[in-house]
>>> print(open('coords-v7.json').read())   # JSON, C-alpha atoms
[["chain", "number", "residue", "atom", "x", "y", "z"],
["M", 17, "MET", "CA", 350.11, 239.67, 126.73],
["M", 18, "GLY", "CA", 347.54, 241.19, 124.41],
["M", 19, "SER", "CA", 344.78, 243.45, 125.55],
["M", 20, "PHE", "CA", 341.17, 242.82, 126.47],
["M", 21, "HIS", "CA", 338.21, 244.64, 127.95],
["M", 22, "VAL", "CA", 335.80, 243.84, 130.77],
["M", 23, "GLY", "CA", 332.57, 245.34, 131.96],
["M", 24, "CYS", "CA", 332.27, 246.72, 135.47],
["M", 25, "LYS", "CA", 329.79, 248.45, 137.71],
["M", 26, "LEU", "CA", 330.63, 251.59, 139.68],
["M", 27, "GLU", "CA", 328.80, 252.75, 142.79],
["M", 28, "ASN", "CA", 328.95, 255.91, 144.83],
["M", 29, "HIS", "CA", 330.67, 254.73, 148.02],
["M", 30, "ILE", "CA", 328.23, 256.64, 150.25],
["M", 31, "HIS", "CA", 324.98, 256.25, 148.31],
["M", 32, "ARG", "CA", 325.33, 252.79, 146.80],
["M", 33, "GLU", "CA", 322.01, 253.02, 144.98],
["M", 34, "ARG", "CA", 323.70, 255.60, 142.73],
["M", 35, "ALA", "CA", 325.39, 253.25, 140.29],
["M", 36, "VAL", "CA", 326.30, 252.91, 136.63],
["M", 37, "THR", "CA", 327.57, 250.13, 134.39],
["M", 38, "VAL", "CA", 330.69, 250.67, 132.32],
["M", 39, "PRO", "CA", 330.41, 248.14, 129.47],
["M", 40, "ARG", "CA", 334.06, 248.25, 128.34],
["M", 41, "ALA", "CA", 337.16, 249.08, 130.36],
["M", 42, "LEU", "CA", 340.60, 248.12, 129.08],
["M", 43, "VAL", "CA", 342.39, 245.88, 131.58],
["M", 44, "ASP", "CA", 345.72, 247.68, 132.03],
["M", 45, "THR", "CA", 348.18, 246.31, 134.59],
["M", 46, "GLY", "CA", 350.60, 249.05, 133.49],
["M", 47, "SER", "CA", 348.30, 251.70, 134.94],
["M", 48, "GLU", "CA", 348.22, 252.05, 138.72],
["M", 49, "TYR", "CA", 344.82, 253.75, 138.71],
["M", 50, "THR", "CA", 341.45, 253.01, 137.16],
["M", 51, "TRP", "CA", 340.34, 255.73, 134.73],
["M", 52, "ILE", "CA", 336.63, 256.43, 134.23],
["M", 53, "PRO", "CA", 335.09, 259.24, 132.16],
["M", 54, "SER", "CA", 334.32, 262.30, 134.30],
["M", 55, "LYS", "CA", 330.70, 262.42, 133.13],
["M", 56, "THR", "CA", 330.17, 258.83, 134.30],
["M", 57, "LEU", "CA", 331.57, 259.56, 137.77],
["M", 58, "GLU", "CA", 329.64, 262.82, 138.04],
["M", 59, "LYS", "CA", 326.42, 261.01, 137.04],
["M", 60, "ILE", "CA", 326.59, 258.90, 140.24],
["M", 61, "GLY", "CA", 327.81, 261.75, 142.44],
["M", 62, "VAL", "CA", 331.46, 260.78, 142.92],
["M", 63, "SER", "CA", 333.31, 263.82, 144.34],
["M", 64, "ARG", "CA", 336.73, 265.04, 143.27],
["M", 65, "GLU", "CA", 338.67, 264.37, 146.47],
["M", 66, "LYS", "CA", 342.23, 264.87, 145.21],
["M", 67, "LYS", "CA", 342.81, 267.55, 142.60],
["M", 68, "ASP", "CA", 345.68, 268.17, 140.23],
["M", 69, "LEU", "CA", 347.43, 264.82, 140.64],
["M", 70, "VAL", "CA", 350.26, 264.52, 138.12],
["M", 71, "PHE", "CA", 350.34, 261.47, 135.84],
["M", 72, "THR", "CA", 352.95, 260.44, 133.28],
["M", 73, "MET", "CA", 351.40, 258.93, 130.18],
["M", 74, "ALA", "CA", 352.93, 256.03, 128.23],
["M", 75, "ASN", "CA", 354.29, 258.52, 125.66],
["M", 76, "GLY", "CA", 356.08, 260.50, 128.39],
["M", 77, "GLN", "CA", 353.57, 263.38, 128.44],
["M", 78, "THR", "CA", 352.68, 264.74, 131.89],
["M", 79, "ILE", "CA", 349.04, 265.56, 132.65],
["M", 80, "THR", "CA", 346.96, 266.43, 135.71],
["M", 81, "ARG", "CA", 343.65, 264.87, 136.69],
["M", 82, "SER", "CA", 341.35, 264.68, 139.70],
["M", 83, "VAL", "CA", 340.67, 261.52, 141.72],
["M", 84, "GLY", "CA", 337.66, 260.36, 143.74],
["M", 85, "PHE", "CA", 336.46, 257.24, 145.55],
["M", 86, "ALA", "CA", 334.09, 254.61, 144.14],
["M", 87, "ILE", "CA", 333.08, 251.00, 144.66],
["M", 88, "LEU", "CA", 333.94, 248.89, 141.62],
["M", 89, "ARG", "CA", 332.37, 245.52, 140.81],
["M", 90, "VAL", "CA", 333.48, 242.95, 138.26],
["M", 91, "GLU", "CA", 331.20, 239.94, 138.29],
["M", 92, "LYS", "CA", 330.96, 238.79, 141.95],
["M", 93, "HIS", "CA", 334.12, 240.66, 143.03],
["M", 94, "PHE", "CA", 334.09, 244.18, 144.47],
["M", 95, "THR", "CA", 336.41, 246.73, 146.06],
["M", 96, "ILE", "CA", 336.59, 250.41, 146.91],
["M", 97, "ASP", "CA", 339.34, 252.36, 145.19],
["M", 98, "GLU", "CA", 340.51, 255.74, 143.98],
["M", 99, "VAL", "CA", 339.40, 256.41, 140.41],
["M", 100, "VAL", "CA", 340.69, 259.03, 137.99],
["M", 101, "PHE", "CA", 338.24, 261.48, 136.41],
["M", 102, "GLY", "CA", 339.05, 260.86, 132.75],
["M", 103, "GLU", "CA", 338.82, 263.75, 130.30],
["M", 104, "PRO", "CA", 337.89, 263.59, 126.60],
["M", 105, "GLY", "CA", 340.53, 261.53, 124.79],
["M", 106, "ASP", "CA", 341.50, 259.52, 127.89],
["M", 107, "MET", "CA", 340.97, 255.77, 127.78],
["M", 108, "THR", "CA", 338.66, 253.94, 130.19],
["M", 109, "LEU", "CA", 341.02, 251.68, 132.14],
["M", 110, "LEU", "CA", 340.81, 249.10, 134.91],
["M", 111, "GLY", "CA", 344.15, 249.56, 136.66],
["M", 112, "ALA", "CA", 346.44, 247.41, 138.79],
["M", 113, "ARG", "CA", 345.31, 248.78, 142.17],
["M", 114, "THR", "CA", 341.70, 247.93, 141.44],
["M", 115, "LEU", "CA", 342.62, 244.47, 140.17],
["M", 116, "GLU", "CA", 344.54, 243.82, 143.37],
["M", 117, "GLY", "CA", 341.59, 245.03, 145.46],
["M", 118, "LEU", "CA", 339.26, 242.76, 143.49],
["M", 119, "SER", "CA", 341.67, 239.83, 144.12],
["M", 120, "LEU", "CA", 341.79, 239.23, 140.38],
["M", 121, "ALA", "CA", 344.73, 238.46, 138.12],
["M", 122, "VAL", "CA", 345.16, 238.49, 134.35],
["M", 123, "ASP", "CA", 345.19, 235.18, 132.49],
["M", 124, "PRO", "CA", 347.11, 236.29, 129.39],
["M", 125, "ARG", "CA", 346.52, 233.10, 127.45],
["M", 126, "ARG", "CA", 342.73, 233.21, 127.77],
["M", 127, "LYS", "CA", 342.57, 237.04, 127.91],
["M", 128, "LYS", "CA", 340.37, 237.12, 130.96],
["M", 129, "LEU", "CA", 340.41, 237.90, 134.66],
["M", 130, "VAL", "CA", 340.74, 235.01, 137.09],
["M", 131, "ALA", "CA", 340.78, 234.66, 140.88],
["M", 132, "ALA", "CA", 344.19, 235.66, 142.24],
["M", 133, "GLY", "CA", 344.09, 233.03, 144.98],
["M", 134, "PRO", "CA", 344.64, 233.40, 148.72],
["M", 135, "LEU", "CA", 345.66, 236.80, 150.03],
["M", 136, "PRO", "CA", 349.19, 236.96, 151.39],
["M", 137, "ALA", "CA", 349.56, 237.64, 155.10],
["M", 138, "ALA", "CA", 352.49, 238.41, 157.35]]
>>> encode(input="coords-v7.json", output="structure tokens")
Amino acid sequence: MGSFHVGCKLENHIHRERAVTVPRALVDTGSEYTWIPSKTLEKIGVSREKKDLVFTMANGQTITRSVGFAILRVEKHFTIDEVVFGEPGDMTLLGARTLEGLSLAVDPRRKKLVAAGPLPAA
């Protein structure tokens, strides 16, 4: 597929005026969660809601991180999602759950995000 980055905006889900722009997040459909540097989340007052969640990295290593809630915006699309408090050395990632919430899909040929189309219903 190849990799590419997108910019996004994060907002505190309670105090939306507390926001920050993340200029480059790797679009990673292999990651369930979106990973944002801890300092960025702390800057807008995102709280650590779930602590010591266990993650398995691509190399098989197991690590623990905290998770909080934030509103994420990519262009005109937005969603609320759980975001991982990334530590030094962690990548900044836009994960599959967030992409689904944004109703965006990956266009691998053009290396960009596109509208996912109508939402499925029962």
>>> residues_around(input="coords-v7.json", residues="Glu33 in chain M", least_positions_apart="5", cutoff="10 Å", atoms="all atoms listed in the file", output="PDB file with C-alpha atoms, in the coordinates of the input")
ATOM      1  CA  GLU M  27     328.800 252.750 142.790  1.00  0.00           C
ATOM      2  CA  ASN M  28     328.950 255.910 144.830  1.00  0.00           C
ATOM      3  CA  ILE M  60     326.590 258.900 140.240  1.00  0.00           C
TER       4      ILE M  60
END
>>> closest_residue(input="coords-v7.json", among="M:Pro53, M:Gly117, M:Pro104, M:Pro124", to="Val83 in chain M", atoms="all atoms listed in the file")
M:Pro53
>>> closest_residue(input="coords-v7.json", among="M:Ala131, M:Val100, M:Ala138, M:Leu120", to="Ser47 in chain M", atoms="all atoms listed in the file")
M:Val100
>>> axis_aligned_box(input="coords-v7.json", around="range 57-72 of chain M", padding_each_side="5 Å", output="AutoDock Vina command-line options")
--center_x 339.7 --center_y 263.5 --center_z 139.9 --size_x 36.5 --size_y 19.3 --size_z 23.2
>>> residues_around(input="coords-v7.json", residues="Gly105 in chain M", least_positions_apart="5", cutoff="12 Å", atoms="all atoms listed in the file", output="list in words")
Trp51, Ile52, Pro53 and Ser54 of chain M
>>> closest_residue(input="coords-v7.json", among="M:Leu135, M:Ala86, M:Arg64, M:Thr80", to="Ala35 in chain M", atoms="only C-alpha atoms")
M:Ala86
>>> atom_distance(input="coords-v7.json", atom1="CA of Phe71 in chain M", atom2="CA of Gly111 in chain M")
13.4 Å
>>> atom_distance(input="coords-v7.json", atom1="CA of Ile87 in chain M", atom2="CA of Arg125 in chain M")
28.2 Å
>>> atom_distance(input="coords-v7.json", atom1="CA of Arg34 in chain M", atom2="CA of Ala132 in chain M")
28.6 Å
>>> closest_residue(input="coords-v7.json", among="M:Phe20, M:Phe94, M:Tyr49, M:Phe85", to="Asp123 in chain M", atoms="only C-alpha atoms")
M:Phe20
>>> residues_around(input="coords-v7.json", residues="Lys25 in chain M", least_positions_apart="6", cutoff="9 Å", atoms="only C-alpha atoms", output="PDB file with C-alpha atoms, in the coordinates of the input")
ATOM      1  CA  ALA M  35     325.390 253.250 140.290  1.00  0.00           C
ATOM      2  CA  VAL M  36     326.300 252.910 136.630  1.00  0.00           C
ATOM      3  CA  THR M  37     327.570 250.130 134.390  1.00  0.00           C
ATOM      4  CA  VAL M  38     330.690 250.670 132.320  1.00  0.00           C
ATOM      5  CA  PRO M  39     330.410 248.140 129.470  1.00  0.00           C
ATOM      6  CA  ILE M  87     333.080 251.000 144.660  1.00  0.00           C
ATOM      7  CA  LEU M  88     333.940 248.890 141.620  1.00  0.00           C
ATOM      8  CA  ARG M  89     332.370 245.520 140.810  1.00  0.00           C
ATOM      9  CA  VAL M  90     333.480 242.950 138.260  1.00  0.00           C
ATOM     10  CA  GLU M  91     331.200 239.940 138.290  1.00  0.00           C
TER      11      GLU M  91
END
>>> closest_residue(input="coords-v7.json", among="M:Ser119, M:Thr114, M:Asn75, M:Thr50", to="Gly102 in chain M", atoms="only C-alpha atoms")
M:Thr50
>>> closest_residue(input="coords-v7.json", among="M:Ser82, M:Ser19, M:Thr45, M:Thr95", to="Ala112 in chain M", atoms="only C-alpha atoms")
M:Thr45
>>> build_atoms(input="coords-v7.json", residues="range 53-67 of chain M", atoms="N, CA and C atoms", output="PDB file, keeping the file's coordinate frame")
ATOM      1  N   PRO M  53     335.464 257.911 132.650  1.00  0.00           N
ATOM      2  CA  PRO M  53     335.090 259.240 132.160  1.00  0.00           C
ATOM      3  C   PRO M  53     334.453 260.097 133.252  1.00  0.00           C
ATOM      4  N   SER M  54     334.831 261.358 133.298  1.00  0.00           N
ATOM      5  CA  SER M  54     334.320 262.300 134.300  1.00  0.00           C
ATOM      6  C   SER M  54     332.801 262.313 134.343  1.00  0.00           C
ATOM      7  N   LYS M  55     332.176 262.347 133.176  1.00  0.00           N
ATOM      8  CA  LYS M  55     330.700 262.420 133.130  1.00  0.00           C
ATOM      9  C   LYS M  55     330.068 261.203 133.797  1.00  0.00           C
ATOM     10  N   THR M  56     330.695 260.046 133.669  1.00  0.00           N
ATOM     11  CA  THR M  56     330.170 258.830 134.300  1.00  0.00           C
ATOM     12  C   THR M  56     330.261 258.942 135.814  1.00  0.00           C
ATOM     13  N   LEU M  57     331.393 259.412 136.320  1.00  0.00           N
ATOM     14  CA  LEU M  57     331.570 259.560 137.770  1.00  0.00           C
ATOM     15  C   LEU M  57     330.647 260.640 138.322  1.00  0.00           C
ATOM     16  N   GLU M  58     330.516 261.733 137.603  1.00  0.00           N
ATOM     17  CA  GLU M  58     329.640 262.820 138.040  1.00  0.00           C
ATOM     18  C   GLU M  58     328.184 262.373 138.069  1.00  0.00           C
ATOM     19  N   LYS M  59     327.796 261.511 137.133  1.00  0.00           N
ATOM     20  CA  LYS M  59     326.420 261.010 137.040  1.00  0.00           C
ATOM     21  C   LYS M  59     325.993 260.300 138.332  1.00  0.00           C
ATOM     22  N   ILE M  60     326.937 259.615 139.006  1.00  0.00           N
ATOM     23  CA  ILE M  60     326.590 258.900 140.240  1.00  0.00           C
ATOM     24  C   ILE M  60     327.043 259.655 141.485  1.00  0.00           C
ATOM     25  N   GLY M  61     327.498 260.892 141.295  1.00  0.00           N
ATOM     26  CA  GLY M  61     327.810 261.750 142.440  1.00  0.00           C
ATOM     27  C   GLY M  61     329.155 261.520 143.096  1.00  0.00           C
ATOM     28  N   VAL M  62     330.111 260.950 142.371  1.00  0.00           N
ATOM     29  CA  VAL M  62     331.460 260.780 142.920  1.00  0.00           C
ATOM     30  C   VAL M  62     332.113 262.164 142.981  1.00  0.00           C
ATOM     31  N   SER M  63     332.675 262.502 144.139  1.00  0.00           N
ATOM     32  CA  SER M  63     333.310 263.820 144.340  1.00  0.00           C
ATOM     33  C   SER M  63     334.782 263.769 143.984  1.00  0.00           C
ATOM     34  N   ARG M  64     335.295 264.901 143.536  1.00  0.00           N
ATOM     35  CA  ARG M  64     336.730 265.040 143.270  1.00  0.00           C
ATOM     36  C   ARG M  64     337.408 265.299 144.618  1.00  0.00           C
ATOM     37  N   GLU M  65     338.057 264.292 145.145  1.00  0.00           N
ATOM     38  CA  GLU M  65     338.670 264.370 146.470  1.00  0.00           C
ATOM     39  C   GLU M  65     340.114 264.885 146.414  1.00  0.00           C
ATOM     40  N   LYS M  66     340.844 264.433 145.415  1.00  0.00           N
ATOM     41  CA  LYS M  66     342.230 264.870 145.210  1.00  0.00           C
ATOM     42  C   LYS M  66     342.278 265.567 143.864  1.00  0.00           C
ATOM     43  N   LYS M  67     342.782 266.789 143.846  1.00  0.00           N
ATOM     44  CA  LYS M  67     342.810 267.550 142.600  1.00  0.00           C
ATOM     45  C   LYS M  67     344.242 267.760 142.141  1.00  0.00           C
TER      46      LYS M  67
END
